[in-house]
file work_2.cif (mmCIF, C-alpha atoms)
data_target
loop_
_atom_site.label_atom_id
_atom_site.label_comp_id
_atom_site.auth_asym_id
_atom_site.auth_seq_id
_atom_site.Cartn_x
_atom_site.Cartn_y
_atom_site.Cartn_z
CA MET O 30 0.00 0.00 0.00
CA SER O 31 1.44 3.34 -1.02
CA ARG O 32 -0.60 5.27 1.55
CA PRO O 33 -1.24 4.56 5.22
CA VAL O 34 -4.84 3.80 6.23
CA LYS O 35 -6.82 4.31 9.40
CA GLN O 36 -5.96 1.73 12.03
CA ASN O 37 -7.53 0.86 15.33
CA PHE O 38 -5.84 2.26 18.36
CA ILE O 39 -6.26 0.47 21.66
CA ARG O 40 -5.58 2.86 24.47
CA PRO O 41 -3.06 1.34 26.92
CA SER O 42 -4.65 0.42 30.24
CA HIS O 43 -1.46 1.12 32.20
CA ILE O 44 1.09 3.90 31.93
CA GLU O 45 3.72 1.32 30.94
CA GLY O 46 1.84 0.78 27.71
CA PHE O 47 2.51 4.34 26.53
CA PRO O 48 5.63 5.09 24.48
CA VAL O 49 8.58 6.71 26.20
CA GLY O 50 9.36 10.01 24.53
CA PRO O 51 8.05 11.29 21.25
CA GLN O 52 8.00 8.08 19.25
CA PHE O 53 5.38 5.92 17.61
CA THR O 54 4.90 3.47 14.76
CA ALA O 55 5.45 5.19 11.41
CA GLY O 56 2.29 5.84 9.43
CA HIS O 57 -0.11 4.99 12.26
CA LEU O 58 -3.30 6.93 11.58
CA ALA O 59 -5.91 6.66 14.32
CA ASP O 60 -8.34 9.08 12.71
CA THR O 61 -9.45 10.32 9.29
CA ASN O 62 -9.68 13.93 8.07
CA ALA O 63 -12.89 13.55 6.05
CA GLY O 64 -14.94 15.50 8.60
CA TRP O 65 -13.02 18.70 7.80
CA ARG O 66 -14.40 18.83 4.30
CA THR O 67 -17.19 21.16 3.13
CA PHE O 68 -16.65 20.62 -0.60
CA ARG O 69 -15.47 17.38 -2.18
CA PRO O 70 -13.44 17.26 -5.40
CA VAL O 71 -15.11 15.18 -8.11
CA VAL O 72 -13.03 14.29 -11.17
CA ASN O 73 -14.63 14.34 -14.61
CA HIS O 74 -12.68 11.60 -16.39
CA ASP O 75 -13.94 12.67 -19.84
CA THR O 76 -12.21 16.07 -19.70
CA CYS O 77 -9.24 14.97 -17.56
CA ILE O 78 -6.05 14.73 -19.64
CA TYR O 79 -4.09 13.00 -16.85
CA CYS O 80 -1.46 15.76 -16.70
CA LEU O 81 -0.97 14.95 -12.97
CA ARG O 82 -0.94 18.62 -11.96
CA CYS O 83 -3.48 17.87 -9.18
CA TYR O 84 -1.42 14.92 -8.01
CA LEU O 85 1.63 17.17 -7.83
CA VAL O 86 0.04 20.05 -5.91
CA CYS O 87 -2.22 18.27 -3.42
CA PRO O 88 -0.91 19.35 0.01
CA ASP O 89 -2.25 16.18 1.59
CA GLY O 90 -1.22 13.72 -1.10
CA THR O 91 -4.75 12.36 -1.26
CA ILE O 92 -4.86 12.35 -5.07
CA PHE O 93 -3.40 9.16 -6.49
CA LYS O 94 -2.94 7.34 -9.78
CA ASP O 95 -5.45 4.55 -10.19
CA ASN O 96 -4.58 2.59 -13.36
CA GLY O 97 -4.24 5.65 -15.55
CA LYS O 98 -7.02 7.61 -13.87
CA ILE O 99 -7.01 10.24 -11.17
CA ALA O 100 -8.59 9.09 -7.92
CA VAL O 101 -9.09 10.79 -4.55
CA ASP O 102 -8.76 9.27 -1.09
CA TYR O 103 -11.87 10.79 0.51
CA ASP O 104 -10.82 9.56 3.95
CA TYR O 105 -8.03 12.13 4.05
CA CYS O 106 -9.03 14.84 1.55
CA LYS O 107 -9.73 18.08 3.44
CA GLY O 108 -11.49 19.73 0.52
CA CYS O 109 -9.05 22.66 0.18
CA GLY O 110 -9.79 22.89 -3.55
CA VAL O 111 -6.20 23.40 -4.74
CA CYS O 112 -6.63 20.52 -7.25
CA ALA O 113 -9.75 22.03 -8.83
CA HIS O 114 -8.22 25.52 -8.91
CA GLU O 115 -4.98 24.34 -10.54
CA CYS O 116 -6.59 21.97 -13.05
CA PRO O 117 -5.82 23.31 -16.57
CA LYS O 118 -8.93 21.63 -18.01
CA ASN O 119 -11.36 22.42 -15.16
CA ALA O 120 -11.94 18.69 -14.90
CA ILE O 121 -12.33 18.75 -11.13
CA GLU O 122 -15.51 20.15 -9.62
CA MET O 123 -15.93 21.01 -5.96
CA VAL O 124 -19.30 19.62 -4.91
CA LYS O 125 -20.86 20.56 -1.59
CA GLU O 126 -21.00 17.68 0.88
CA GLN O 127 -24.49 16.58 1.86
CA LEU O 128 -24.94 15.75 5.52
CA MET D 272 22.10 21.04 -14.08
CA SER D 273 25.59 19.60 -14.57
CA SER D 274 25.65 17.26 -11.56
CA ALA D 275 22.11 16.03 -12.14
CA ASN D 276 22.70 15.15 -15.78
CA THR D 277 23.38 11.51 -15.06
CA LEU D 278 20.20 11.19 -12.97
CA THR D 279 16.75 10.50 -14.28
CA ARG D 280 14.76 13.65 -13.70
CA ILE D 281 11.95 13.10 -11.21
CA THR D 282 8.59 14.19 -12.62
CA PRO D 283 5.00 13.51 -11.56
CA LYS D 284 4.99 10.60 -14.01
CA ASN D 285 7.84 8.67 -12.43
CA ILE D 286 7.86 9.94 -8.83
CA THR D 287 7.17 7.26 -6.25
CA ASP D 288 3.51 6.52 -5.51
CA GLN D 289 4.39 6.17 -1.86
CA GLU D 290 3.28 8.98 0.44
CA PHE D 291 5.57 9.71 3.39
CA PHE D 292 3.59 12.57 4.93
CA TYR D 293 -0.02 11.52 5.01
CA GLY D 294 -3.11 12.01 7.15
CA HIS D 295 -1.54 14.97 8.93
CA LYS D 296 -3.62 17.68 10.58
CA ALA D 297 -2.28 20.73 8.74
CA CYS D 298 -4.86 23.34 7.74
CA ALA D 299 -6.56 22.72 4.41
CA GLY D 300 -4.41 24.13 1.61
CA CYS D 301 -1.22 24.24 3.71
CA GLY D 302 1.80 25.16 1.58
CA GLY D 303 4.33 23.94 4.12
CA SER D 304 2.90 20.44 4.13
CA LEU D 305 3.10 20.38 0.32
CA ALA D 306 6.79 21.34 0.53
CA VAL D 307 7.44 18.53 3.03
CA ARG D 308 5.40 16.01 1.06
CA LEU D 309 7.16 16.66 -2.26
CA ALA D 310 10.64 16.70 -0.72
CA LEU D 311 10.08 13.38 1.05
CA LYS D 312 8.72 11.83 -2.15
CA VAL D 313 11.94 12.84 -3.91
CA LEU D 314 14.21 11.67 -1.09
CA GLY D 315 12.46 8.34 -0.54
CA GLU D 316 11.83 6.02 2.36
CA ARG D 317 15.42 5.78 3.58
CA THR D 318 15.32 9.33 4.91
CA TYR D 319 15.71 10.52 8.47
CA ALA D 320 13.65 13.66 8.89
CA ALA D 321 14.04 16.11 11.77
CA PHE D 322 11.45 18.76 12.63
CA PRO D 323 11.75 21.50 15.25
CA ALA D 324 8.76 22.73 17.22
CA GLY D 325 6.64 24.29 14.50
CA CYS D 326 3.68 23.60 12.30
CA MET D 327 4.94 20.37 10.76
CA ALA D 328 5.81 18.93 14.17
CA ALA D 329 2.44 19.99 15.54
CA VAL D 330 0.43 18.47 12.70
CA GLY D 331 2.42 15.30 12.10
CA PHE D 332 3.05 13.83 15.52
CA ILE D 333 -0.27 13.87 17.39
CA TYR D 334 -0.16 10.77 19.57
CA PRO D 335 -1.41 8.16 18.72
CA GLN D 336 -1.32 9.55 15.19
CA MET D 337 1.99 9.41 13.26
CA ALA D 338 1.66 11.02 9.85
CA PHE D 339 5.19 10.13 8.68
CA THR D 340 5.85 6.76 7.11
CA ASN D 341 9.62 7.26 7.17
CA ASN D 342 11.80 7.92 10.20
CA ALA D 343 10.90 11.29 11.71
CA ILE D 344 11.65 13.04 14.97
CA ILE D 345 10.77 16.30 16.74
CA THR D 346 13.74 18.32 17.94
CA THR D 347 14.17 21.35 20.16
CA PHE D 348 13.21 24.62 18.49
CA PRO D 349 16.78 25.96 18.05
CA GLY D 350 18.36 22.55 17.58
CA VAL D 351 17.00 21.00 14.39
CA ALA D 352 20.30 21.40 12.55
CA SER D 353 22.34 19.98 15.42
CA MET D 354 19.92 17.05 15.79
CA ALA D 355 20.13 16.36 12.05
CA SER D 356 23.94 16.55 12.25
CA GLY D 357 23.86 14.01 15.06
CA ILE D 358 21.56 11.70 13.10
CA ALA D 359 23.79 11.88 10.03
CA VAL D 360 27.05 11.12 11.83
CA GLY D 361 25.37 8.62 14.18
CA ALA D 362 23.94 6.61 11.31
CA LYS D 363 27.32 6.70 9.60
CA ALA D 364 29.03 5.46 12.78
CA LEU D 365 26.56 2.58 12.93
CA GLY D 366 27.56 1.60 9.41
CA ILE D 367 24.16 2.42 7.91
CA GLN D 368 24.43 3.05 4.20
CA ASN D 369 22.29 4.55 1.48
CA PHE D 370 20.34 7.01 3.56
CA LYS D 371 19.73 10.76 3.62
CA THR D 372 19.18 13.08 6.55
CA VAL D 373 16.87 16.02 6.09
CA ALA D 374 15.85 18.83 8.41
CA PHE D 375 12.65 20.79 7.81
CA ALA D 376 12.10 24.04 9.65
CA GLY D 377 9.93 27.07 9.18
CA ASP D 378 11.17 30.60 8.66
CA GLY D 379 11.31 31.34 12.41
CA GLY D 380 13.05 28.07 13.21
CA THR D 381 15.63 28.82 10.52
CA ALA D 382 16.27 32.53 10.23
CA ASP D 383 15.80 33.44 13.91
CA ILE D 384 15.83 30.65 16.46
CA GLY D 385 17.74 27.91 14.67
CA LEU D 386 20.28 30.10 12.86
CA GLN D 387 23.37 29.36 14.97
CA ALA D 388 22.81 25.59 14.90
CA LEU D 389 22.35 25.77 11.12
CA SER D 390 25.53 27.84 10.80
CA GLY D 391 27.41 25.24 12.82
CA MET D 392 26.01 22.41 10.72
CA ILE D 393 27.23 24.03 7.51
CA ASP D 394 30.58 24.90 9.10
CA ARG D 395 31.18 21.26 10.13
CA GLY D 396 30.23 20.06 6.68
CA ASP D 397 27.69 17.52 7.93
CA ASP D 398 25.84 15.54 5.28
CA VAL D 399 22.40 17.06 5.86
CA LEU D 400 19.85 18.61 3.54
CA TYR D 401 18.20 21.51 5.33
CA ILE D 402 14.89 22.74 3.93
CA CYS D 403 13.37 25.95 5.23
CA TYR D 404 9.69 26.31 4.34
CA ASP D 405 9.06 30.01 4.51
CA ASN D 406 5.52 31.13 5.29
CA GLU D 407 6.78 34.48 6.53
CA ALA D 408 5.71 34.36 10.19
CA TYR D 409 5.47 32.08 13.23
CA MET D 410 2.23 30.48 12.07
CA ASN D 411 2.09 27.59 14.52
CA THR D 412 1.92 29.84 17.60
CA GLY D 413 -0.56 32.27 16.08
CA ILE D 414 1.05 34.39 13.35
CA GLN D 415 3.80 36.37 15.06
CA LYS D 416 6.41 38.28 13.08
CA SER D 417 9.64 36.46 12.25
CA GLY D 418 12.90 37.58 10.66
CA LEU D 419 11.52 36.57 7.28
CA THR D 420 8.27 38.52 7.57
CA PRO D 421 8.36 41.14 4.80
CA PHE D 422 7.75 44.85 5.20
CA GLY D 423 4.15 45.86 5.75
CA THR D 424 2.84 42.47 6.86
CA GLN D 425 0.10 42.45 9.45
CA THR D 426 0.82 39.84 12.13
CA THR D 427 -0.38 39.59 15.73
CA THR D 428 2.84 41.23 16.95
CA THR D 429 2.92 43.83 14.17
CA PRO D 430 -0.72 44.90 13.91
CA ALA D 431 -1.67 47.41 11.27
CA GLY D 432 -2.82 50.69 12.76
CA LYS D 433 -3.19 54.29 11.73
CA ASN D 434 0.47 55.16 12.27
CA ILE D 435 2.32 51.89 11.79
CA HIS D 436 1.31 49.73 8.84
CA GLY D 437 2.34 46.26 9.96
CA SER D 438 5.90 44.97 10.03
CA LYS D 439 8.47 47.78 9.85
CA THR D 440 11.42 45.62 8.88
CA GLN D 441 12.40 44.01 5.59
CA LYS D 442 12.80 40.29 5.04
CA LYS D 443 16.27 38.98 5.96
CA ASN D 444 18.43 37.88 3.04
CA LEU D 445 18.44 34.31 4.31
CA PHE D 446 19.67 32.75 1.07
CA GLU D 447 22.69 35.03 1.00
CA ILE D 448 23.38 34.47 4.71
CA ILE D 449 23.57 30.73 4.02
CA ALA D 450 25.55 31.13 0.79
CA ALA D 451 28.06 33.30 2.66
CA HIS D 452 29.12 30.11 4.49
CA ASP D 453 30.43 28.82 1.14
CA ILE D 454 27.97 25.95 1.37
CA PRO D 455 28.31 23.36 -1.45
CA TYR D 456 24.72 23.88 -2.62
CA ALA D 457 21.95 26.33 -1.72
CA ALA D 458 18.79 27.20 -3.60
CA THR D 459 15.53 29.05 -3.31
CA ALA D 460 12.28 27.56 -4.60
CA SER D 461 8.55 28.07 -4.40
CA ILE D 462 5.69 25.61 -4.14
CA GLY D 463 4.16 27.67 -6.95
CA TYR D 464 6.81 26.10 -9.20
CA PRO D 465 6.67 22.51 -7.93
CA GLN D 466 8.75 20.94 -10.71
CA ASP D 467 11.56 23.45 -10.13
CA TYR D 468 11.40 22.63 -6.41
CA ILE D 469 11.56 18.88 -7.11
CA ASP D 470 14.59 19.40 -9.39
CA LYS D 471 16.38 21.38 -6.70
CA VAL D 472 15.63 18.82 -3.97
CA GLN D 473 16.90 16.08 -6.27
CA LYS D 474 20.06 18.04 -6.97
CA ALA D 475 20.59 18.88 -3.29
CA ALA D 476 20.15 15.23 -2.31
CA GLN D 477 23.19 14.32 -4.42
CA VAL D 478 25.44 16.67 -2.47
CA LYS D 479 27.70 14.88 0.01
CA GLY D 480 27.76 17.54 2.67
CA PRO D 481 25.46 20.35 3.73
CA ALA D 482 22.83 21.61 1.31
CA PHE D 483 20.13 24.19 1.86
CA ILE D 484 16.82 24.95 0.16
CA HIS D 485 14.68 27.96 1.00
CA VAL D 486 11.18 27.17 -0.26
CA TYR D 487 8.41 29.74 -0.32
CA ALA D 488 5.28 28.08 1.09
CA SER D 489 1.96 29.82 1.44
CA CYS D 490 -0.19 29.71 4.58
CA PRO D 491 -3.90 30.37 3.95
CA THR D 492 -4.57 30.76 7.69
CA GLY D 493 -1.86 33.32 8.34
CA TRP D 494 -2.01 35.13 5.01
CA GLY D 495 -5.78 35.46 4.79
CA THR D 496 -6.06 33.78 1.39
CA PRO D 497 -8.65 31.24 0.18
CA THR D 498 -7.39 27.67 0.61
CA GLU D 499 -7.63 26.84 -3.10
CA THR D 500 -5.21 29.61 -4.13
CA SER D 501 -2.28 28.32 -2.04
CA VAL D 502 -0.20 27.20 -4.98
CA GLU D 503 -1.24 30.10 -7.20
CA ILE D 504 -0.28 32.76 -4.64
CA ALA D 505 3.17 31.17 -4.14
CA LYS D 506 3.64 31.36 -7.93
CA GLU D 507 2.48 34.99 -8.04
CA ALA D 508 5.02 35.95 -5.37
CA VAL D 509 7.75 34.80 -7.78
CA ASP D 510 6.09 36.36 -10.83
CA CYS D 511 5.82 39.79 -9.20
CA GLY D 512 9.44 39.65 -8.03
CA LEU D 513 8.89 39.66 -4.27
CA PHE D 514 10.46 36.21 -4.13
CA PHE D 515 13.22 34.99 -6.42
CA LEU D 516 14.39 31.60 -7.63
CA ALA D 517 18.14 31.17 -7.48
CA GLU D 518 20.94 28.71 -6.87
CA TYR D 519 24.34 28.97 -5.23
CA GLU D 520 26.82 26.38 -6.37
CA ASN D 521 30.62 26.19 -6.54
CA GLY D 522 30.85 29.72 -5.18
CA ASP D 523 28.59 31.22 -7.83
CA TYR D 524 25.13 32.67 -7.58
CA ARG D 525 22.71 32.11 -10.41
CA LEU D 526 19.13 33.28 -10.94
CA THR D 527 17.16 30.26 -12.16
CA ARG D 528 14.26 32.48 -13.10
CA ASN D 529 14.91 35.97 -14.38
CA PRO D 530 11.58 37.40 -15.59
CA LYS D 531 11.76 40.10 -18.26
CA GLN D 532 8.75 41.82 -16.78
CA PHE D 533 7.23 41.57 -13.33
CA ALA D 534 3.56 40.99 -12.64
CA SER D 535 1.79 43.59 -10.52
CA VAL D 536 2.90 43.74 -6.90
CA ALA D 537 -0.36 45.43 -5.89
CA ASP D 538 -2.41 42.55 -7.34
CA TYR D 539 -0.38 40.04 -5.35
CA LEU D 540 -0.57 42.01 -2.12
CA LYS D 541 -4.25 42.93 -2.30
CA LYS D 542 -5.30 39.29 -2.57
CA GLN D 543 -4.05 38.69 0.95
CA GLY D 544 -5.66 39.68 4.23
CA ARG D 545 -2.26 40.39 5.78
CA PHE D 546 -1.60 43.21 3.25
CA LYS D 547 -5.14 44.63 2.93
CA HIS D 548 -4.27 47.76 4.92
CA LEU D 549 -1.32 48.85 2.75
CA SER D 550 -1.51 52.33 1.23
CA ASP D 551 -0.34 53.18 -2.28
CA ALA D 552 2.79 54.73 -0.77
CA ASP D 553 3.54 51.49 1.10
CA ILE D 554 3.16 49.48 -2.09
CA ALA D 555 5.41 51.90 -3.94
CA SER D 556 8.10 51.48 -1.28
CA ILE D 557 7.78 47.67 -1.52
CA GLU D 558 8.20 47.96 -5.29
CA ALA D 559 11.24 50.23 -4.90
CA HIS D 560 12.82 47.73 -2.52
CA ARG D 561 12.12 44.92 -4.97
CA ASP D 562 13.68 46.84 -7.88
CA HIS D 563 16.74 47.69 -5.84
CA LYS D 564 17.21 44.06 -4.84
CA TRP D 565 16.77 42.79 -8.40
CA GLU D 566 19.10 45.38 -9.82
CA ARG D 567 21.80 44.14 -7.44
CA MET D 568 21.04 40.44 -8.06
CA ARG D 569 21.13 40.85 -11.83
CA ARG D 570 24.33 42.86 -11.71
CA MET D 571 26.18 40.60 -9.27
CA TRP D 572 24.82 37.14 -10.05
CA ASN D 573 24.06 36.69 -13.73
CA HIS D 574 27.45 37.44 -15.15
CA GLN D 575 28.10 34.25 -17.10
#
call {"tool": "encode", "arguments": {"input": "work_2.cif", "output": "structure tokens"}}
result
Amino acid sequence: MSRPVKQNFIRPSHIEGFPVGPQFTAGHLADTNAGWRTFRPVVNHDTCIYCLRCYLVCPDGTIFKDNGKIAVDYDYCKGCGVCAHECPKNAIEMVKEQL
Amino acid sequence: MSSANTLTRITPKNITDQEFFYGHKACAGCGGSLAVRLALKVLGERTYAAFPAGCMAAVGFIYPQMAFTNNAIITTFPGVASMASGIAVGAKALGIQNFKTVAFAGDGGTADIGLQALSGMIDRGDDVLYICYDNEAYMNTGIQKSGLTPFGTQTTTTPAGKNIHGSKTQKKNLFEIIAAHDIPYAATASIGYPQDYIDKVQKAAQVKGPAFIHVYASCPTGWGTPTETSVEIAKEAVDCGLFFLAEYENGDYRLTRNPKQFASVADYLKKQGRFKHLSDADIASIEAHRDHKWERMRRMWNHQ
């Protein structure tokens, strides 16, 4: 897997279970960032030319290559809109999240 | 690009799919996190990364969340360069091979608080790549002025009032301070020109010894810009001449981008909440300072 995914975290029951100092398993994500999002990027694959500009400029790295298509990891996308703003073909639309 | 000629240029097409800075809690549209993400993707998994107290430490290491998938550590605020030096020589002493040590610090952690440790690191010639992501204030603690905050910026410690219009001091010439150490490689970059930044990180990673990159990274929270314009505003800063792209190598300075004509400074400034208060006279003085700086850079640096 090229990206870490959300994992379960079992809170230690005793202080000895906590790490000593600022250290922890690399890439351990106990939480997602999806709740931050107001607008979600939706890729129109008909107009997308796969220039990878969005992949390059995503501050969170949530845009990835999926067999020659652009895909978004909605667990960690914060909806900043940089991808849609930078897209030279306007192939990404920011759609309001429905609660 | 003489030293990088033998290398395959890293582009979005061939860059690793692996993400080394992922699921972090940086604000939406954070330029600093983009700078860290791209650099780590160029450097790869066998990278020791050191972060002082600052935004990237605050958003990456929230126990039990660990947003780095390579080796990463938080250091003291002034000591990121000394910690990175220690990592580099320690790993060498242990016989570890094929690794890179990188230090990431913000503008405050580099130009103010961490400056003497960085100077020592360069002086000792330690094999560390030091990347300063410059968002022009202490953003993590609530937008206080740093040594790299430009003239006229409104921050919480330099509020804009009737008499004083934000920060009264100019941005330090950090790139030239570092180059004055006769460092093997130093460069400036901007997240608005991501491919140029990737090229420079790739080049710096080949240096055996200290290397330094000063990357301009926008901060929507501190600058008062919409989150989606983060990359665009970092590009406009270069286009209007308030930030420059340059390299220092083998004792020579070189502008890597020398625009024939600058875009409007006023357009760039007025898009940002931190410059909203500036008068026409303030903007004119910012432009005069820019022209003076460029006149000197063009005269002294581009002589080949």
call {"tool": "closest_residue", "arguments": {"input": "work_2.cif", "among": "D:Gln466, D:Ser390, D:Ser438, D:Gln336", "to": "D:Phe483", "atoms": "only C-alpha atoms"}}
result
D:Ser390
call {"tool": "closest_atom_pairs", "arguments": {"input": "work_2.cif", "of": "stretch 348-396 of chain D", "to": "stretch 309-321 of chain D", "cutoff": "6 Å", "atoms": "only C-alpha atoms", "output": "CSV"}}
result
residue,atom,partner,partner_atom,distance
D:Phe370,CA,D:Arg317,CA,5.1
D:Lys371,CA,D:Thr318,CA,4.8
D:Thr372,CA,D:Tyr319,CA,4.7
D:Val373,CA,D:Ala320,CA,4.9
D:Ala374,CA,D:Ala321,CA,4.7
call {"tool": "residues_around", "arguments": {"input": "work_2.cif", "residues": "D:Trp494", "least_positions_apart": "3", "cutoff": "8 Å", "atoms": "only C-alpha atoms", "output": "ChimeraX atom specification"}}
result
/D:489-491,543-545
call {"tool": "closest_residue", "arguments": {"input": "work_2.cif", "among": "O:Asn96, O:Thr67, O:Thr76, O:Ser31", "to": "chain D", "atoms": "only C-alpha atoms"}}
result
O:Ser31
call {"tool": "closest_atom_pairs", "arguments": {"input": "work_2.cif", "of": "chain D", "to": "chain O", "cutoff": "6 Å", "atoms": "only C-alpha atoms", "output": "CSV"}}
result
residue,atom,partner,partner_atom,distance
D:Asp288,CA,O:Ser31,CA,5.9
D:Gln289,CA,O:Ser31,CA,4.2
D:Glu290,CA,O:Arg32,CA,5.5
D:Gly294,CA,O:Tyr105,CA,5.8
D:Ala299,CA,O:Cys109,CA,4.9
D:Gly300,CA,O:Cys109,CA,5.1
D:Ser304,CA,O:Pro88,CA,5.7
D:Leu305,CA,O:Pro88,CA,4.2
D:Gln336,CA,O:Leu58,CA,4.9
D:Met337,CA,O:His57,CA,5.0
D:Ala338,CA,O:Gly56,CA,5.2
D:Phe339,CA,O:Gly56,CA,5.2
D:Thr340,CA,O:Gly56,CA,4.3
D:Thr498,CA,O:Cys109,CA,5.3
D:Glu499,CA,O:Val111,CA,4.1
call {"tool": "resolve_selection", "arguments": {"input": "work_2.cif", "expression": "the PyMOL selection byres ((chain D and resi 379) around 12)", "output": "ChimeraX atom specification"}}
result
/D:323-326,348-349,351,375-378,380-386,403-412,414-420,442-443,445
call {"tool": "resolve_selection", "arguments": {"input": "work_2.cif", "expression": "the PyMOL selection byres ((chain D and resi 454) around 10)", "output": "number ranges by chain"}}
result
D: 390, 393-394, 396, 449-453, 455-457, 480-483, 519-522
call {"tool": "closest_atom_pairs", "arguments": {"input": "work_2.cif", "of": "stretch 491-515 of chain D", "to": "stretch 563-572 of chain D", "cutoff": "12 Å", "atoms": "all atoms listed in the file", "output": "tab-separated table"}}
result
residue	atom	partner	partner_atom	distance
D:Cys511	CA	D:Trp565	CA	11.4
D:Gly512	CA	D:Trp565	CA	8.0
D:Leu513	CA	D:Lys564	CA	9.4
D:Phe514	CA	D:Trp565	CA	10.1
D:Phe515	CA	D:Trp565	CA	8.8
call {"tool": "resolve_selection", "arguments": {"input": "work_2.cif", "expression": "the PyMOL selection byres ((chain O and resi 125) around 12)", "output": "list in words"}}
result
Arg66, Thr67, Phe68, Arg69, Pro70, Val71, Gly108, Gly110, Glu122, Met123, Val124, Glu126, Gln127 and Leu128 of chain O
call {"tool": "atom_distance", "arguments": {"input": "work_2.cif", "atom1": "atom CA of O:Lys118", "atom2": "atom CA of O:Ala100"}}
result
16.1 Å
call {"tool": "axis_aligned_box", "arguments": {"input": "work_2.cif", "around": "stretch 333-343 of chain D", "padding_each_side": "5 Å", "output": "AutoDock Vina command-line options"}}
result
--center_x 5.2 --center_y 10.3 --center_z 13.3 --size_x 23.2 --size_y 17.1 --size_z 22.5
call {"tool": "closest_residue", "arguments": {"input": "work_2.cif", "among": "D:Ala458, D:Leu400, D:Thr347, D:Cys301", "to": "D:Arg525", "atoms": "all atoms listed in the file"}}
result
D:Ala458
call {"tool": "atom_distance", "arguments": {"input": "work_2.cif", "atom1": "atom CA of D:Lys479", "atom2": "atom CA of D:Asn285"}}
result
24.2 Å
call {"tool": "closest_residue", "arguments": {"input": "work_2.cif", "among": "D:Ile367, D:Val360, D:Met354, D:Val502", "to": "D:Gly303", "atoms": "all atoms listed in the file"}}
result
D:Val502
call {"tool": "atom_distance", "arguments": {"input": "work_2.cif", "atom1": "atom CA of D:Thr427", "atom2": "atom CA of D:Ile557"}}
result
20.7 Å
call {"tool": "build_atoms", "arguments": {"input": "work_2.cif", "residues": "stretch 86-90 of chain O", "atoms": "all heavy atoms", "output": "tab-separated table (two decimals), keeping the file's coordinate frame"}}
result
chain	number	residue	atom	x	y	z
O	86	VAL	N	0.25	18.91	-6.81
O	86	VAL	CA	0.04	20.05	-5.91
O	86	VAL	C	-0.86	19.76	-4.71
O	86	VAL	O	-1.06	20.64	-3.90
O	86	VAL	CB	-0.52	21.29	-6.67
O	86	VAL	CG1	0.46	21.78	-7.71
O	86	VAL	CG2	-1.87	20.97	-7.29
O	87	CYS	N	-1.36	18.56	-4.57
O	87	CYS	CA	-2.22	18.27	-3.42
O	87	CYS	C	-1.40	18.33	-2.13
O	87	CYS	O	-0.47	17.55	-1.97
O	87	CYS	CB	-2.87	16.89	-3.55
O	87	CYS	SG	-3.83	16.45	-2.08
O	88	PRO	N	-1.71	19.25	-1.21
O	88	PRO	CA	-0.91	19.35	0.01
O	88	PRO	C	-1.01	18.11	0.90
O	88	PRO	O	-0.14	17.88	1.73
O	88	PRO	CB	-1.51	20.56	0.74
O	88	PRO	CG	-2.28	21.30	-0.28
O	88	PRO	CD	-2.76	20.28	-1.25
O	89	ASP	N	-2.05	17.35	0.74
O	89	ASP	CA	-2.25	16.18	1.59
O	89	ASP	C	-1.90	14.88	0.90
O	89	ASP	O	-1.94	13.82	1.53
O	89	ASP	CB	-3.69	16.15	2.10
O	89	ASP	CG	-3.93	17.25	3.11
O	89	ASP	OD1	-4.22	18.38	2.68
O	89	ASP	OD2	-3.80	16.99	4.32
O	90	GLY	N	-1.59	14.94	-0.38
O	90	GLY	CA	-1.22	13.72	-1.10
O	90	GLY	C	-2.36	12.74	-1.27
O	90	GLY	O	-2.16	11.55	-1.45
